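Colleague: For reference, the structure I am asking about is given below.
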There are 2 protein chains.
Amino acid sequence: MSKQVLEEQIKAQGEIVRKYKAAKESKEKIAEEVSKLLELKAKLNEDESLAAGPQKFTLKTPKGTRDFSPEQMALRNTVLDKIISVFKKHGAETIDTPIFELKEVLTGKYGEDSKLIYDLKDQGGEILSLRYDLTVPFARYLAMNKITNIKRYHIAKVYRRDNPSIARGRYREFYQCDFDIAGAYDPMIPDTECVKIVYEILKVLGMDQFTIKLNHRLLLDGLFEACGVPKDKFRSICSAVDKLDKSPWSEVKKEMVEEKGLEESVADLIGEYVQLNGQEDLVEKLLKDERLLKSKLAVEGLEAIKLILHYCAFYNISDKISFDLSLARGLDYYTGIIYEAVLAGDAGGDSEFSVGSIAGGGRYDNLVSMFDSKHKQVPCVGVSIGIERIFAVLEAKYAAANKKIRTTEVQVYVASAQKNLVEERMKLCNHLWDEGFKVEHSYKKNPKLLVQLQHCEEYGIPLAVILGESEIQRGVVKLREVKSRNEVEVPRTQLADEIRKMLQKSCMNGTL
Amino acid sequence: MSKQVLEEQIKAQGEIVRKYKAAKESKEKIAEEVSKLLELKAKLNEDESLAAGPQKFTLKTPKGTRDFSPEQMALRNTVLDKIISVFKKHGAETIDTPIFELKEVLTGKYGEDSKLIYDLKDQGGEILSLRYDLTVPFARYLAMNKITNIKRYHIAKVYRRDNPSIARGRYREFYQCDFDIAGAYDPMIPDTECVKIVYEILKVLGMDQFTIKLNHRLLLDGLFEACGVPKDKFRSICSAVDKLDKSPWSEVKKEMVEEKGLEESVADLIGEYVQLNGQEDLVEKLLKDERLLKSKLAVEGLEAIKLILHYCAFYNISDKISFDLSLARGLDYYTGIIYEAVLAGDAGGDSEFSVGSIAGGGRYDNLVSMFDSKHKQVPCVGVSIGIERIFAVLEAKYAAANKKIRTTEVQVYVASAQKNLVEERMKLCNHLWDEGFKVEHSYKKNPKLLVQLQHCEEYGIPLAVILGESEIQRGVVKLREVKSRNEVEVPRTQLADEIRKMLQKSCMNGTL
């Protein structure tokens with residue numbers, strides 16, 4: 001494209017942005033147009049830099065991606081540590097796979113969404129794509145290494161060339177956090193543990209107001225069968241049902257009848273069922289339903305639900321479980337139980353904290369066999385924790401509460417009150433590092449005391465040691481509690497012990 | 001390419017592999033040819049799968065990449081935890097950046113190596129490339145966010161479309177582990193802390209036999225100037241010097257004279273200097289060297305070396321430091337002090353554990369300004385820990401010592417000695433999870449006791465609780481120390497306390 005054409009396009013796109021802003025269009029719309037503008041500008045800059053030499057271009061991360069600041073990383077790592085501790089509590093191992101796969105590994109696994117896969121440029125050699133989720137690479141890993149039993153978690157980035165609504169916290173590069181159990185075991189025992197893990201994770205993160213919805217793929221299929229849905233419409237009707245968490249039944253029905261060509265009487269029949277939810281009593285009721293009893297699939301699904309609800313009691317998680325016939329989940333590869341955790345009071349709402357589903361998963365017994373030349377089956381069940389949504393909720397909570405997150409773990413700051421004490425500071429830092437403390441000091445030779453103390457407050461460092469000539473001569477230092485600004489004089493020989501004592505006190509009663 | 005052509009190529013390549021194997025060529029050579037063969041086969045499969053439908057292709061990770069097994073991940077995470085603890089001890093924050101950048105961000109930063117950058121396919125929108133290191137994204141991050149002070153670490157994967165020798169532990173996807181201090185501070189104070197961090201990390205990993213070589217870019221430039229190297233040859237002569245860690249002086253001199261066209265007398269002069277190494281006394285000697293004294297650059301470099309050696313004493317790391325004039329380091333962007341840690345007895349050797357440089361870095365004061373429209377300078381100094389090499393060394397050590405790494409942290413396994421106790425196991429697991437233990441049990445309804453106990457031994461689980469009908473009736477369980485096979489009967493009400501006691505004992509004296 002010539003420079004002139006590009007410049008004209010930029011001008012035109014600039015006009016659009018200005019108009020949208022003037023018309024007070026939604027932030028999302030404006031952001032989309034601005035992003036187009038930036039892309040055009042980047043293209044121009046690229047052409048120019050190739051032609052002209054000195055680099056000059058829009059400084060940005062790729063569309064749909066972002067950097068994480070120390071504050072964001074501190075929160076993320078705290079949250080991930082808590083989640084990982086739950087995985088470890090249940091004996092999970094972890095693995096890692098490359099960020100890209102042979103393209104053919106991903107081919108045919110994501111249906112229509114395949115168009116969202118990022119491909120690498122063909123630079124000679126293999127044809128590669130960035131991973132789209134962690135489940136397909138996991139299945140490839142199991143098949144390739146002939147692993148038939150594993151309980152593993154995997155937390156890593158995945159890539160979708162979507163046009164994400166960044167305002168709603170969706171990106172093209174984002175973390176997934178999966179826990180899966182592979183192996184031929186007895187019904188519902190590993191499945192129940194997956195649900196237990198979701199329960200524990202949400203509890204440990206202090207997100208107490210949630211419901212875990214359960215359903216079963218066979219029950220849905222059996223239900224469609226029993227209601228007279230033609231077999232070739234099972235999947236499209238299932239994906240319509242999946243929308244019940246966001247749309248009322250009337251709309252879903254309309255989609256079934258008008259878009260997907262289902263007979264209205266059949267849709268009405270489905271409607272009677274998929275709006276039901278409850279506990280064991282609902283299972284018992286449906287197990288006596290004459291229409292469902294005619295479908296072997298439905299009965300099998302109901303028996304499975306009955307068993308998992310029974311097991312949930314032993315894991316003491318029944319209070320949050322809801323058997324919900326509207327739960328369908330999008331992915332094609334599920335073959336058994338499916339589940340999804342939603343934060344309460346959050347269904348389809350437009351509130352700032354609206355996040356929808358926060359974890360979900362189910363059983364997928366046939367995915368691994370797609371990679372095995374002899375189609376050997378490795379049954380799997382797993383759950384994906386929606387950590388990006390969890391981060392977004394917690395970030396918003398922190399921001400609302402005006403809470404500051406510490407980005408470092410420094411315990412003691414070594415400050416100097418006078419000039420020419422950098423060597424003394426270095427010696428003292430080294431002593432305290434040797435004693436096992438997390439310590440820092442200024443990288444300036446003669447920093448101002450005020451600046452040093454401000455640094456402590458800014459970074460939430462609990463203690464500061466202040467060096468001065470007279471103290472050095474007397475073999476003492478000032479030890480300052482940053483928050484209270486209390487200072488005590490401590491002999492150098494007792495400094496480490498005194499620091500330990502004060503840090504312990506601050507742990508015990510949170511005064512620092 | 002037609003299927004027929006591909007099949008002929010595969011046949012021919014197959015012949016090559018067979019010949020190499022018959023001729024007992026080196027493993028590396030054979031592996032390279034096998035990899036070519038696999039690529040051809042993958043291409044064929046891809047063509048076929050597009051044409052024929054059912055998926056059938058070589059199950060592999062992309063060339064130069066690999067999966068990490070639970071054992072590898074356990075070792076990696078242990079090592080990374082130790083390294084991160086050193087970074088935190090020094091007050092570092094962490095950030096993250098996207099795995100890909102606008103291509104133009106990477107353009108012009110890596111010289112000839114730019115050809116190794118992975119590009120993403122142009123699928124409409126921006127032109128993107130996978131990151132090649134963590135330093136350039138860091139500089140982009142600083143410039144973009146106008147950050148002028150930060151002390152951060154970043155551990156993440158980077159990508160180089162190299163033809164790596166996998167036998168020597170080099171891959172196309174690998175981790176980098178960087179620590180950098182950005183900010184305008186006083187000479188050598190942050191620089192010394194970087195060196196201190198390298199020292200602490202190698203110590204904490206038990207890799208005690210190392211040397212940290214120091215040099216200074218200005219000293220090298222000054223030396224070349226003083227010896228009469230033409231200015232346009234500085235960089236190529238510098239890269240020749242860089243090879244002194246692997247080649248003898250005679251070869252390096254040959255390269256300078258024959259390949260790079262340096263006068264022999266000039267090369268000889270350089271040779272007198274670059275083979276020197278020592279401590280403060282060498283600095284003092286060179287500060288009296290008449291030839292060097294003529295170069296302002298050389299004197300500035302020497303004064304800097306003098307200061308950092310002086311500071312190293314306060315951090316108690318002088319014992320491992322060597323001022324080494326042969327150290328040049330490849331990257332163009334260094335502007336001041338440079339350093340590199342090498343494991344002792346390892347220089348260029350062919351031994352199994354040969355790893356060469358294990359950490360390195362230096363000062364780069366001008367990189368950030370390349371991204372700033374006003375070319376505002378943000379001075380930086382940093383170090384990159386060669387964690388892939390560290391992992392390789394430690395993996396080899398573990399393998400040689402026949403040491404097994406635990407891949408889970410399970411403390412207690414709940415087993416059943418008879419049939420139909422799965423619900424009792426679940427209840428007990430739940431009780432122990434509530435008590436904070438890491439617990440697992442079999443996902444089979446009626447597993448064999450022997451299989452359960454074998455699982456404990458295989459995974460190094462220290463304790464097993466064994467449930468039986470008679471014990472349940474009496475309100476007791478058997479608690480088994482897996483290693484010693486000792487069993488005691490414990491009342492259910494005292495089980496948690498007893499487990500705590502036994503775990504503590506095992507921590508104290510390592511008997512479990």
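We label chains A, B, ... in the order they appear in the structure tokens, count residues from 1 in each chain, and number ligands from 1 in the order shown.
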Taking only C-alpha atoms into account, what are the residues of chain B at most 7 Å from chain A, put as a PyMOL selection string?
Modeller: chain B and resi 39+46+59-62+65-70+73+88-98+101-102+104+119-121+125-126+144+185-186+189-190+314-315+407-410+423+426-427+430+437-440+443-445
Colleague: Output the selection as a PDB file, in the first residue's frame - C-alpha atoms for each residue.
Modeller:
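Here's the written file result.pdb:
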ATOM      1  CA  GLU B  39       8.997 -32.614   9.013  1.00  0.00           C
ATOM      2  CA  GLU B  46      -1.122 -32.454   6.641  1.00  0.00           C
ATOM      3  CA  LEU B  59       2.395 -36.717  17.005  1.00  0.00           C
ATOM      4  CA  LYS B  60       5.156 -34.356  18.065  1.00  0.00           C
ATOM      5  CA  THR B  61       5.858 -30.945  19.485  1.00  0.00           C
ATOM      6  CA  PRO B  62       7.164 -28.336  17.043  1.00  0.00           C
ATOM      7  CA  THR B  65      10.321 -27.312  21.519  1.00  0.00           C
ATOM      8  CA  ARG B  66       9.334 -29.850  24.138  1.00  0.00           C
ATOM      9  CA  ASP B  67       6.819 -30.676  26.790  1.00  0.00           C
ATOM     10  CA  PHE B  68       7.820 -30.637  30.426  1.00  0.00           C
ATOM     11  CA  SER B  69       6.869 -33.686  32.455  1.00  0.00           C
ATOM     12  CA  PRO B  70       5.762 -33.457  36.090  1.00  0.00           C
ATOM     13  CA  MET B  73       8.314 -29.159  36.278  1.00  0.00           C
ATOM     14  CA  LYS B  88      12.574 -10.781  46.502  1.00  0.00           C
ATOM     15  CA  LYS B  89      15.296 -10.578  49.114  1.00  0.00           C
ATOM     16  CA  HIS B  90      16.611  -7.650  47.112  1.00  0.00           C
ATOM     17  CA  GLY B  91      13.232  -5.965  46.827  1.00  0.00           C
ATOM     18  CA  ALA B  92      12.400  -6.738  43.200  1.00  0.00           C
ATOM     19  CA  GLU B  93       8.931  -6.419  41.735  1.00  0.00           C
ATOM     20  CA  THR B  94       7.801  -8.473  38.756  1.00  0.00           C
ATOM     21  CA  ILE B  95       5.999  -7.550  35.539  1.00  0.00           C
ATOM     22  CA  ASP B  96       4.755  -9.431  32.521  1.00  0.00           C
ATOM     23  CA  THR B  97       4.496  -8.507  28.858  1.00  0.00           C
ATOM     24  CA  PRO B  98       2.724 -10.202  25.943  1.00  0.00           C
ATOM     25  CA  GLU B 101       5.179  -7.608  20.131  1.00  0.00           C
ATOM     26  CA  LEU B 102       4.570  -5.390  17.131  1.00  0.00           C
ATOM     27  CA  GLU B 104       8.747  -3.034  14.603  1.00  0.00           C
ATOM     28  CA  ASP B 119       6.852 -13.870  12.844  1.00  0.00           C
ATOM     29  CA  LEU B 120       3.125 -14.407  13.146  1.00  0.00           C
ATOM     30  CA  LYS B 121       1.129 -14.873   9.990  1.00  0.00           C
ATOM     31  CA  GLY B 125      -4.388  -6.320  11.421  1.00  0.00           C
ATOM     32  CA  GLU B 126      -1.017  -5.789  13.020  1.00  0.00           C
ATOM     33  CA  MET B 144       5.622   3.325  26.878  1.00  0.00           C
ATOM     34  CA  TYR B 185      21.688   6.385  40.134  1.00  0.00           C
ATOM     35  CA  ASP B 186      25.274   6.688  41.212  1.00  0.00           C
ATOM     36  CA  ILE B 189      25.865   0.870  43.168  1.00  0.00           C
ATOM     37  CA  PRO B 190      23.062  -0.929  41.286  1.00  0.00           C
ATOM     38  CA  PHE B 314      31.248  -4.762  51.236  1.00  0.00           C
ATOM     39  CA  TYR B 315      28.895  -7.353  49.782  1.00  0.00           C
ATOM     40  CA  THR B 407       6.037 -34.353  41.774  1.00  0.00           C
ATOM     41  CA  THR B 408       3.249 -33.877  44.321  1.00  0.00           C
ATOM     42  CA  GLU B 409       3.166 -32.709  47.915  1.00  0.00           C
ATOM     43  CA  VAL B 410       0.653 -35.241  49.203  1.00  0.00           C
ATOM     44  CA  GLU B 423     -17.769 -43.260  51.003  1.00  0.00           C
ATOM     45  CA  MET B 426     -14.322 -39.634  50.968  1.00  0.00           C
ATOM     46  CA  LYS B 427     -15.502 -38.627  54.437  1.00  0.00           C
ATOM     47  CA  ASN B 430     -12.718 -34.396  53.609  1.00  0.00           C
ATOM     48  CA  PHE B 437      -3.495 -31.654  55.013  1.00  0.00           C
ATOM     49  CA  LYS B 438      -2.659 -32.535  51.431  1.00  0.00           C
ATOM     50  CA  VAL B 439      -4.563 -35.737  50.867  1.00  0.00           C
ATOM     51  CA  GLU B 440      -5.562 -38.060  48.090  1.00  0.00           C
ATOM     52  CA  TYR B 443     -10.619 -42.894  42.214  1.00  0.00           C
ATOM     53  CA  LYS B 444     -11.569 -46.545  41.993  1.00  0.00           C
ATOM     54  CA  LYS B 445     -14.452 -47.776  44.045  1.00  0.00           C
TER      55      LYS B 445
END
Colleague: For the structure I just gave you, how does DSSP split range 182-283 of chain B - specifically, which residues are alpha helix (DSSP H)? Reply as number ranges by chain.
Modeller: B: 189-204, 217-227, 234-241, 249-254, 264-274, 280-283
Colleague: Give me, as a PyMOL selection string, the residues of range 390-509 of chain B that a backbone DSSP run labels strand (DSSP E or B).
Modeller: chain B and resi 412-416+439-441+463-467+476-481+487-491
Colleague: So, counting only C-alpha atoms, which residue among B:Ile212, B:Leu286, B:Leu367, B:Val204 is closest to Val136 in chain B?
Modeller: B:Leu367
Colleague: Can you measure CA of Asp133 in chain B to CA of Arg131 in chain A for me? One decimal in Å is fine.
Modeller: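 Result for CA of Asp133 in chain B versus CA of Arg131 in chain A: 20.2 Å, one decimal.
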Colleague: Measure the distance from CA of Asp208 in chain A to CA of Leu394 in chain A in Å and round it to one decimal.
Modeller: 12.9 Å
Colleague: Kindly give the distance, in Å, that separates CA of Asn277 in chain B and CA of Phe323 in chain B, rounded to a single decimal.
Modeller: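 CA of Phe323 in chain B lies 5.4 Å from CA of Asn277 in chain B.
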Colleague: Set the distance at 10 Å and use only C-alpha atoms: which residues neighbour range 219-230 of chain B once local chain neighbours fewer than 6 positions away are removed? I'd like the list as a ChimeraX atom specification.
Modeller: /B:237-238,241,262-263,265-270,273-274,290-305,325-328,336-337
Colleague: Would you please work out which residue, of B:Lys306, B:Cys456, B:Met256, B:Leu495, is nearest to Glu481 in chain B when using only C-alpha atoms?
Modeller: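 Counting only C-alpha atoms, the residue closest to Glu481 in chain B is B:Cys456.
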